[in-house]
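Source file: data_21.pdb. Holds: PDB, C-alpha atoms and all ligand atoms.
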ATOM      1  CA  MET Z   1       0.000   0.000   0.000
ATOM      2  CA  SER Z   2       2.823   2.398   0.890
ATOM      3  CA  SER Z   3       4.593   1.682  -2.433
ATOM      4  CA  ILE Z   4       1.345   2.496  -4.291
ATOM      5  CA  ALA Z   5       1.056   5.741  -2.295
ATOM      6  CA  ALA Z   6       4.702   6.579  -3.056
ATOM      7  CA  ALA Z   7       4.199   5.915  -6.783
ATOM      8  CA  TRP Z   8       0.998   8.014  -6.724
ATOM      9  CA  ARG Z   9       2.860  10.957  -5.193
ATOM     10  CA  LYS Z  10       5.392  10.874  -8.034
ATOM     11  CA  LEU Z  11       2.698  11.439 -10.682
ATOM     12  CA  PRO Z  12       2.175  14.967 -12.093
ATOM     13  CA  TRP Z  13       0.195  17.202  -9.689
ATOM     14  CA  TRP Z  14      -2.863  17.399 -11.993
ATOM     15  CA  VAL Z  15      -3.471  13.601 -12.036
ATOM     16  CA  GLU Z  16      -5.190  13.616  -8.633
ATOM     17  CA  PRO Z  17      -7.737  16.397  -9.330
ATOM     18  CA  VAL Z  18      -8.536  14.960 -12.775
ATOM     19  CA  THR Z  19      -9.035  11.483 -11.286
ATOM     20  CA  VAL Z  20     -11.349  12.935  -8.638
ATOM     21  CA  VAL Z  21     -13.423  14.746 -11.280
ATOM     22  CA  VAL Z  22     -13.803  11.575 -13.344
ATOM     23  CA  ALA Z  23     -14.606   9.329 -10.345
ATOM     24  CA  LEU Z  24     -17.100  11.660  -8.651
ATOM     25  CA  THR Z  25     -18.820  12.585 -11.922
ATOM     26  CA  ALA Z  26     -19.202   8.910 -12.849
ATOM     27  CA  PHE Z  27     -20.528   8.117  -9.372
ATOM     28  CA  GLY Z  28     -23.008  11.023  -9.521
ATOM     29  CA  ILE Z  29     -24.306  10.004 -12.965
ATOM     30  CA  TYR Z  30     -24.632   6.366 -11.881
ATOM     31  CA  SER Z  31     -26.514   7.315  -8.676
ATOM     32  CA  LEU Z  32     -28.934   9.594 -10.512
ATOM     33  CA  THR Z  33     -29.565   7.023 -13.236
ATOM     34  CA  ILE Z  34     -30.412   4.164 -10.902
ATOM     35  CA  VAL Z  35     -32.543   6.322  -8.629
ATOM     36  CA  LEU Z  36     -34.571   7.804 -11.488
ATOM     37  CA  LEU Z  37     -34.761   4.892 -13.907
ATOM     38  CA  PHE Z  38     -33.999   1.602 -12.087
ATOM     39  CA  PRO Z  39     -35.095   1.916  -8.457
ATOM     40  CA  GLY Z  40     -35.847  -1.824  -7.914
ATOM     41  CA  THR Z  41     -34.126  -4.439  -5.739
ATOM     42  CA  TYR Z  42     -33.448  -8.154  -6.266
ATOM     43  CA  GLU Z  43     -35.117 -10.730  -3.974
ATOM     44  CA  GLU Z  44     -32.810 -11.120  -0.932
ATOM     45  CA  TYR Z  45     -30.527  -8.280  -1.984
ATOM     46  CA  VAL Z  46     -31.469  -4.678  -1.279
ATOM     47  CA  SER Z  47     -29.465  -2.057  -3.156
ATOM     48  CA  PRO Z  48     -26.928  -0.544  -0.728
ATOM     49  CA  PHE Z  49     -27.619   2.827  -2.371
ATOM     50  CA  TYR Z  50     -31.063   3.159  -0.833
ATOM     51  CA  SER Z  51     -31.612   0.806   2.066
ATOM     52  CA  PRO Z  52     -34.113   0.509   3.699
ATOM     53  CA  PRO Z  53     -36.662   0.319   0.882
ATOM     54  CA  VAL Z  54     -39.523   2.717   1.582
ATOM     55  CA  GLY Z  55     -42.951   3.306   0.041
ATOM     56  CA  ARG Z  56     -43.850   6.139  -2.299
ATOM     57  CA  PRO Z  57     -47.231   7.968  -2.419
ATOM     58  CA  ASP Z  58     -48.869   7.649  -5.869
ATOM     59  CA  TRP Z  59     -49.623  11.351  -6.131
ATOM     60  CA  LEU Z  60     -45.949  12.291  -6.407
ATOM     61  CA  PRO Z  61     -44.594  13.212  -9.879
ATOM     62  CA  TRP Z  62     -42.715  10.421 -11.717
ATOM     63  CA  PHE Z  63     -39.298  11.961 -11.133
ATOM     64  CA  ILE Z  64     -39.674  11.652  -7.355
ATOM     65  CA  THR Z  65     -38.853   7.981  -6.769
ATOM     66  CA  ALA Z  66     -38.880   6.032  -3.479
ATOM     67  CA  PRO Z  67     -35.055   5.691  -3.229
ATOM     68  CA  MET Z  68     -34.783   9.491  -3.109
ATOM     69  CA  PHE Z  69     -36.283   9.407   0.398
ATOM     70  CA  ILE Z  70     -33.145   7.522   1.504
ATOM     71  CA  LEU Z  71     -30.391   8.467  -0.915
ATOM     72  CA  TRP Z  72     -30.166  12.085   0.270
ATOM     73  CA  ILE Z  73     -28.586  10.800   3.503
ATOM     74  CA  PRO Z  74     -25.505   8.994   2.080
ATOM     75  CA  LEU Z  75     -25.114  11.549  -0.715
ATOM     76  CA  GLY Z  76     -25.389  14.469   1.714
ATOM     77  CA  PHE Z  77     -22.986  12.733   4.091
ATOM     78  CA  ARG Z  78     -20.373  12.348   1.354
ATOM     79  CA  ALA Z  79     -20.961  15.783  -0.194
ATOM     80  CA  THR Z  80     -20.331  17.489   3.157
ATOM     81  CA  CYS Z  81     -17.474  15.149   4.239
ATOM     82  CA  TYR Z  82     -14.335  17.086   5.166
ATOM     83  CA  TYR Z  83     -12.163  14.833   3.023
ATOM     84  CA  TYR Z  84     -14.393  14.964  -0.073
ATOM     85  CA  ARG Z  85     -14.676  18.727   0.325
ATOM     86  CA  LYS Z  86     -10.923  19.052   0.026
ATOM     87  CA  ALA Z  87     -10.977  16.679  -2.948
ATOM     88  CA  TYR Z  88     -13.757  18.382  -4.898
ATOM     89  CA  TYR Z  89     -12.725  21.942  -4.078
ATOM     90  CA  ARG Z  90      -9.391  21.090  -5.678
ATOM     91  CA  ALA Z  91     -10.777  19.009  -8.524
ATOM     92  CA  PHE Z  92     -13.877  20.920  -9.627
ATOM     93  CA  PHE Z  93     -13.084  24.501  -8.556
ATOM     94  CA  TRP Z  94      -9.280  24.449  -8.569
ATOM     95  CA  ASP Z  95      -9.479  26.387  -5.351
ATOM     96  CA  PRO Z  96      -6.565  25.580  -5.004
ATOM     97  CA  PRO Z  97      -5.794  22.714  -7.444
ATOM     98  CA  ALA Z  98      -2.969  21.423  -5.234
ATOM     99  CA  CYS Z  99      -1.012  22.530  -2.209
ATOM    100  CA  LEU Z 100       2.392  22.801  -3.903
ATOM    101  CA  ALA Z 101       3.669  26.364  -3.969
ATOM    102  CA  ARG Z 102       4.722  26.090  -7.609
ATOM    103  CA  VAL Z 103       1.139  25.530  -8.812
ATOM    104  CA  GLN Z 104      -0.257  28.485  -6.878
ATOM    105  CA  GLU Z 105      -0.071  30.648  -9.970
ATOM    106  CA  LYS Z 106      -2.516  28.210 -11.622
ATOM    107  CA  GLU Z 107      -5.183  28.933  -9.026
ATOM    108  CA  PRO Z 108      -7.931  30.888 -10.834
ATOM    109  CA  ARG Z 109      -8.703  33.147  -7.866
ATOM    110  CA  SER Z 110      -6.475  34.916  -5.454
ATOM    111  CA  PRO Z 111      -6.264  33.102  -2.083
ATOM    112  CA  GLU Z 112      -7.382  36.372  -0.470
ATOM    113  CA  ASN Z 113     -10.747  35.955  -2.207
ATOM    114  CA  TYR Z 114     -11.345  32.485  -0.797
ATOM    115  CA  ARG Z 115     -14.926  32.432   0.471
ATOM    116  CA  GLY Z 116     -14.764  29.217   2.457
ATOM    117  CA  GLU Z 117     -18.040  27.828   3.802
ATOM    118  CA  ARG Z 118     -20.175  30.727   2.629
ATOM    119  CA  ALA Z 119     -23.099  31.058   0.174
ATOM    120  CA  ALA Z 120     -24.384  27.559  -0.805
ATOM    121  CA  PHE Z 121     -21.393  25.919   0.868
ATOM    122  CA  VAL Z 122     -22.644  26.990   4.274
ATOM    123  CA  LEU Z 123     -24.642  23.738   4.102
ATOM    124  CA  ASN Z 124     -21.368  21.880   4.642
ATOM    125  CA  ASN Z 125     -21.656  22.875   8.285
ATOM    126  CA  VAL Z 126     -24.532  20.421   8.797
ATOM    127  CA  HIS Z 127     -22.167  17.484   8.263
ATOM    128  CA  ARG Z 128     -22.571  16.216  11.829
ATOM    129  CA  TYR Z 129     -26.348  15.858  11.310
ATOM    130  CA  PHE Z 130     -25.746  13.768   8.196
ATOM    131  CA  LEU Z 131     -23.499  11.615  10.392
ATOM    132  CA  TYR Z 132     -26.323  11.051  12.891
ATOM    133  CA  ALA Z 133     -28.732  10.131  10.067
ATOM    134  CA  SER Z 134     -26.072   7.813   8.612
ATOM    135  CA  PHE Z 135     -26.040   5.766  11.834
ATOM    136  CA  VAL Z 136     -29.594   4.678  10.975
ATOM    137  CA  VAL Z 137     -28.657   3.862   7.375
ATOM    138  CA  VAL Z 138     -25.614   1.828   8.464
ATOM    139  CA  ALA Z 139     -27.787  -0.112  10.951
ATOM    140  CA  PHE Z 140     -30.150  -1.061   8.095
ATOM    141  CA  LEU Z 141     -27.211  -2.032   5.884
ATOM    142  CA  TRP Z 142     -25.999  -4.436   8.601
ATOM    143  CA  TYR Z 143     -29.533  -5.826   8.896
ATOM    144  CA  ASP Z 144     -29.679  -6.363   5.110
ATOM    145  CA  THR Z 145     -26.264  -8.026   5.182
ATOM    146  CA  VAL Z 146     -27.175 -10.501   7.944
ATOM    147  CA  PHE Z 147     -30.357 -11.266   6.025
ATOM    148  CA  THR Z 148     -28.349 -12.190   2.891
ATOM    149  CA  PHE Z 149     -26.770 -15.073   4.844
ATOM    150  CA  PHE Z 150     -30.195 -16.636   5.442
ATOM    151  CA  PRO Z 151     -31.836 -17.102   2.054
ATOM    152  CA  GLU Z 152     -35.070 -19.099   2.494
ATOM    153  CA  GLY Z 153     -34.533 -19.169   6.259
ATOM    154  CA  SER Z 154     -31.378 -21.308   6.489
ATOM    155  CA  PHE Z 155     -27.720 -20.292   6.672
ATOM    156  CA  ALA Z 156     -25.739 -20.111   3.425
ATOM    157  CA  ILE Z 157     -22.723 -18.239   2.161
ATOM    158  CA  ARG Z 158     -22.985 -16.898  -1.356
ATOM    159  CA  VAL Z 159     -20.760 -14.593  -3.371
ATOM    160  CA  GLY Z 160     -23.430 -11.909  -3.010
ATOM    161  CA  SER Z 161     -23.525 -12.177   0.794
ATOM    162  CA  LEU Z 162     -19.729 -11.817   0.962
ATOM    163  CA  LEU Z 163     -19.901  -8.759  -1.272
ATOM    164  CA  TRP Z 164     -22.594  -7.231   0.956
ATOM    165  CA  LEU Z 165     -20.462  -7.993   4.028
ATOM    166  CA  LEU Z 166     -17.356  -6.373   2.544
ATOM    167  CA  ASN Z 167     -19.417  -3.362   1.517
ATOM    168  CA  VAL Z 168     -20.974  -2.816   4.938
ATOM    169  CA  VAL Z 169     -17.590  -3.184   6.672
ATOM    170  CA  LEU Z 170     -16.084  -0.523   4.381
ATOM    171  CA  ILE Z 171     -19.076   1.794   4.767
ATOM    172  CA  SER Z 172     -18.915   1.367   8.563
ATOM    173  CA  ALA Z 173     -15.177   2.157   8.513
ATOM    174  CA  TYR Z 174     -15.896   5.279   6.451
ATOM    175  CA  THR Z 175     -18.770   6.379   8.703
ATOM    176  CA  PHE Z 176     -17.081   5.732  12.052
ATOM    177  CA  SER Z 177     -13.782   7.296  10.971
ATOM    178  CA  CYS Z 178     -15.579  10.597  10.303
ATOM    179  CA  HIS Z 179     -14.027  13.736  11.818
ATOM    180  CA  SER Z 180     -17.373  14.604  13.405
ATOM    181  CA  MET Z 181     -17.340  11.154  15.013
ATOM    182  CA  ARG Z 182     -14.026  12.016  16.693
ATOM    183  CA  HIS Z 183     -15.621  15.148  18.046
ATOM    184  CA  LEU Z 184     -18.705  13.265  19.192
ATOM    185  CA  VAL Z 185     -16.917  10.489  21.104
ATOM    186  CA  GLY Z 186     -14.332  12.597  22.886
ATOM    187  CA  GLY Z 187     -12.920  15.472  20.867
ATOM    188  CA  ASN Z 188     -15.427  17.826  22.479
ATOM    189  CA  LYS Z 189     -13.879  17.279  25.933
ATOM    190  CA  ASP Z 190     -10.870  19.176  27.241
ATOM    191  CA  CYS Z 191     -10.392  16.955  30.283
ATOM    192  CA  TYR Z 192     -11.229  13.229  30.367
ATOM    193  CA  THR Z 193     -10.609  12.844  34.102
ATOM    194  CA  CYS Z 194     -13.218  15.547  34.730
ATOM    195  CA  VAL Z 195     -16.107  13.691  33.064
ATOM    196  CA  ARG Z 196     -18.011  10.505  33.839
ATOM    197  CA  GLY Z 197     -16.588   7.509  31.924
ATOM    198  CA  GLY Z 198     -13.613   9.638  30.889
ATOM    199  CA  ASN Z 199     -11.205   6.734  30.504
ATOM    200  CA  ALA Z 200     -13.592   4.844  28.224
ATOM    201  CA  ARG Z 201     -14.145   7.990  26.172
ATOM    202  CA  ARG Z 202     -10.420   8.541  25.834
ATOM    203  CA  LYS Z 203      -9.953   4.966  24.570
ATOM    204  CA  LEU Z 204     -12.871   5.350  22.181
ATOM    205  CA  TYR Z 205     -11.478   8.652  20.940
ATOM    206  CA  ASN Z 206      -8.054   7.087  20.340
ATOM    207  CA  GLY Z 207      -9.685   4.173  18.469
ATOM    208  CA  VAL Z 208     -11.678   6.520  16.202
ATOM    209  CA  THR Z 209      -8.537   8.602  15.672
ATOM    210  CA  ARG Z 210      -6.637   5.526  14.453
ATOM    211  CA  LEU Z 211      -9.499   4.750  12.052
ATOM    212  CA  ASN Z 212      -9.619   8.414  11.037
ATOM    213  CA  LEU Z 213      -6.000   8.362   9.850
ATOM    214  CA  ARG Z 214      -7.196   6.290   6.890
ATOM    215  CA  HIS Z 215     -10.406   8.224   6.281
ATOM    216  CA  PRO Z 216      -9.566   9.029   2.611
ATOM    217  CA  HIS Z 217      -8.910   5.320   1.980
ATOM    218  CA  TRP Z 218     -12.259   4.342   3.516
ATOM    219  CA  ALA Z 219     -13.943   7.083   1.479
ATOM    220  CA  TRP Z 220     -12.724   5.709  -1.857
ATOM    221  CA  LEU Z 221     -12.890   2.013  -0.986
ATOM    222  CA  SER Z 222     -16.491   2.301   0.250
ATOM    223  CA  LEU Z 223     -17.441   4.296  -2.851
ATOM    224  CA  GLY Z 224     -16.026   1.488  -4.998
ATOM    225  CA  SER Z 225     -17.697  -1.261  -2.976
ATOM    226  CA  LEU Z 226     -21.053   0.536  -3.237
ATOM    227  CA  LEU Z 227     -20.759   0.530  -7.011
ATOM    228  CA  VAL Z 228     -19.620  -3.106  -7.221
ATOM    229  CA  THR Z 229     -22.407  -4.450  -4.970
ATOM    230  CA  ASP Z 230     -25.089  -2.448  -6.746
ATOM    231  CA  ILE Z 231     -23.857  -3.519 -10.208
ATOM    232  CA  TYR Z 232     -23.733  -7.144  -8.983
ATOM    233  CA  MET Z 233     -27.359  -6.895  -7.846
ATOM    234  CA  ARG Z 234     -28.429  -5.461 -11.208
ATOM    235  CA  LEU Z 235     -26.624  -8.192 -13.131
ATOM    236  CA  LEU Z 236     -28.537 -10.759 -11.026
ATOM    237  CA  GLN Z 237     -31.756  -8.854 -11.646
ATOM    238  CA  ALA Z 238     -31.147  -8.898 -15.403
ATOM    239  CA  GLY Z 239     -30.409 -12.664 -15.328
ATOM    240  CA  LEU Z 240     -26.912 -12.096 -16.740
ATOM    241  CA  ILE Z 241     -25.182 -13.883 -13.834
ATOM    242  CA  SER Z 242     -26.226 -16.295 -11.105
ATOM    243  CA  ASP Z 243     -25.290 -16.067  -7.443
ATOM    244  CA  LEU Z 244     -22.743 -18.772  -6.621
ATOM    245  CA  THR Z 245     -23.414 -20.615  -3.336
ATOM    246  CA  LEU Z 246     -20.155 -21.417  -1.525
ATOM    247  CA  ILE Z 247     -21.573 -23.017   1.645
ATOM    248  CA  GLY Z 248     -25.128 -24.120   2.348
TER     249      GLY Z 248
HETATM  250  S1  LIG F 301     -15.363  13.837   7.584
HETATM  251 FE1  LIG F 301     -15.661  12.423   5.994
HETATM  252  S2  LIG F 301     -17.506  11.479   6.589
HETATM  253 FE2  LIG F 301     -17.230  12.990   8.126
END

Using structure tokens, write down the structure from this file.
Ligand code: FES
Amino acid sequence: MSSIAAAWRKLPWWVEPVTVVVALTAFGIYSLTIVLLFPGTYEEYVSPFYSPPVGRPDWLPWFITAPMFILWIPLGFRATCYYYRKAYYRAFFWDPPACLARVQEKEPRSPENYRGERAAFVLNNVHRYFLYASFVVVAFLWYDTVFTFFPEGSFAIRVGSLLWLLNVVLISAYTFSCHSMRHLVGGNKDCYTCVRGGNARRKLYNGVTRLNLRHPHWAWLSLGSLLVTDIYMRLLQAGLISDLTLIG
């Protein structure tokens, strides 16, 4: 992993922002397409994009689909994530495109004019509330995952269940390594010996901090696993592949 990171750092400075633009644009187009045009699920597998499945009143216009009632939570969580903010500010707005001094002249606006979390971006300040809502979504994803190991009521391990398990582990790592999570579990305390359960909170804070060191990795890995599991479900749905049973 460290050799990959070292090789990545040797690439020209513009490779990272361009990669981010391509990856996030592709993810956004894919999310919108499935939510608007293909909102279904496949038997035991619920799409990880919009779990839990919810109902939709008939009087709503066609372009408001049931998954939209759920998808705003993970999308809002990622859009306001501190790591993704850094990534898309650099990639989409070139503000700045990189932190190397020699590319500063390529920044379209003077750093003095940086407007930070103002105008529409003030919404980024609600990130912690998206985190709280994400706890509910992650709980449902774990429920869905356990359910995939019991097709027709008895235990079995299938390729799909392993994919769902990997996905929920990565999404949990991404969610619980959040910077707002660090604040929630202990970062908001100046003195652990002054509060009830201070030692436990300190240990929890240190654990989340260790997870947080890899937050960008969890962000990209969980984005990839979301795509892979959803595409797998749609291939099953279309009858193009069958779900291999490994045990059971
Ligand atoms: S900082 Fe990335 S999810 Fe909270």

Worksheet entry | Picked residues, the PyMOL selection byres (((chain Z and resi 55) around 9) and not hetatm), expected as a list in words |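 Against this file, the PyMOL selection byres (((chain Z and resi 55) around 9) and not hetatm) returns the residues Pro53, Val54, Arg56, Pro57, Ala66 and Pro67 of chain Z.
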
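For the set Z:Leu141, Z:Cys194, Z:Leu221, Z:Val22, the residue with the smallest atom-to-atom gap to Z:Trp164 is Z:Leu141, counting all atoms listed in the file.
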
Item to complete: Could you pull out the residues sitting within 12 Å of ligand LIG 301 (chain F), using all atoms listed in the file, and write them as number ranges by chain?
Response: Z: 73-87, 124-135, 171-184, 208-209, 211-220, 222-223

Worksheet item: Of the residues Z:Gly153, Z:Gly28, Z:Gly248, Z:Pro17, which is the one nearest to Z:Phe92, using all atoms listed in the file?
Response: Z:Pro17

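With all atoms listed in the file as the basis for measurement, Z:Thr145 is the residue among Z:Thr145, Z:Gln237, Z:Thr19, Z:Asn188 that approaches Z:Asn167 most closely.
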
Practice prompt. Determine, counting all atoms listed in the file, which protein, DNA and RNA residues have an atom within 12 Å of an atom of Z:Glu16; residues of the same chain fewer than 5 positions away are not included. Present the result as number ranges by chain.
Written response: Z: 5, 8-11, 21-23, 86-88, 90-92, 94, 97-99

Worksheet item: From the set Z:Gly186, Z:Arg210, Z:Trp72, Z:Pro39, which residue has the shortest atom-to-atom contact distance to Z:Gly198, counting all atoms listed in the file?
Response: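 Of Z:Gly186, Z:Arg210, Z:Trp72, Z:Pro39, the one nearest Z:Gly198 is Z:Gly186, counting all atoms listed in the file.
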
Box time for stretch 210-226 of chain Z: axis-aligned, enclosing all its listed atoms, 3 Å extra on each side; report centre and edge lengths in Å to one decimal, as AutoDock Vina command-line options.
--center_x -13.5 --center_y 3.9 --center_z 4.7 --size_x 21.1 --size_y 16.3 --size_z 25.5

Discussion item. Using Å and a single decimal, report how far atom CA of Z:Ala200 sits from atom CA of Z:Val168.
Written reply: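 Atom CA of Z:Ala200 lies at a distance of 25.6 Å from atom CA of Z:Val168.
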
Worksheet item: Do you know which residues the PyMOL selection byres (((chain Z and resi 35) around 12) and not hetatm) returns on this file, as a PyMOL selection string?
Response: chain Z and resi 28-34+36-41+47-50+53+62-72+230

Discussion item. Just to confirm, what's the straight-line distance from atom CA of Z:Gly160 to atom CA of Z:Asp243 in Å (one decimal)?
Written reply: 6.4 Å

Worksheet item: Applied to this file, what does the PyMOL selection byres (((chain Z and resi 157) around 10) and not hetatm) return in terms of residues, put as a PyMOL selection string?
Response: chain Z and resi 148-151+155-156+158-162+244-248

Keeping only C-alpha atoms, take the residues you just selected and write them out as a short mmCIF file (atom, residue, chain, number, x, y, z; two decimals), keeping the file's coordinate frame.
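Output file again-v5.cif is given in full below:
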data_model
loop_
_atom_site.label_atom_id
_atom_site.label_comp_id
_atom_site.auth_asym_id
_atom_site.auth_seq_id
_atom_site.Cartn_x
_atom_site.Cartn_y
_atom_site.Cartn_z
CA THR Z 148 -28.35 -12.19 2.89
CA PHE Z 149 -26.77 -15.07 4.84
CA PHE Z 150 -30.20 -16.64 5.44
CA PRO Z 151 -31.84 -17.10 2.05
CA PHE Z 155 -27.72 -20.29 6.67
CA ALA Z 156 -25.74 -20.11 3.42
CA ARG Z 158 -22.98 -16.90 -1.36
CA VAL Z 159 -20.76 -14.59 -3.37
CA GLY Z 160 -23.43 -11.91 -3.01
CA SER Z 161 -23.52 -12.18 0.79
CA LEU Z 162 -19.73 -11.82 0.96
CA LEU Z 244 -22.74 -18.77 -6.62
CA THR Z 245 -23.41 -20.62 -3.34
CA LEU Z 246 -20.16 -21.42 -1.52
CA ILE Z 247 -21.57 -23.02 1.64
CA GLY Z 248 -25.13 -24.12 2.35
#
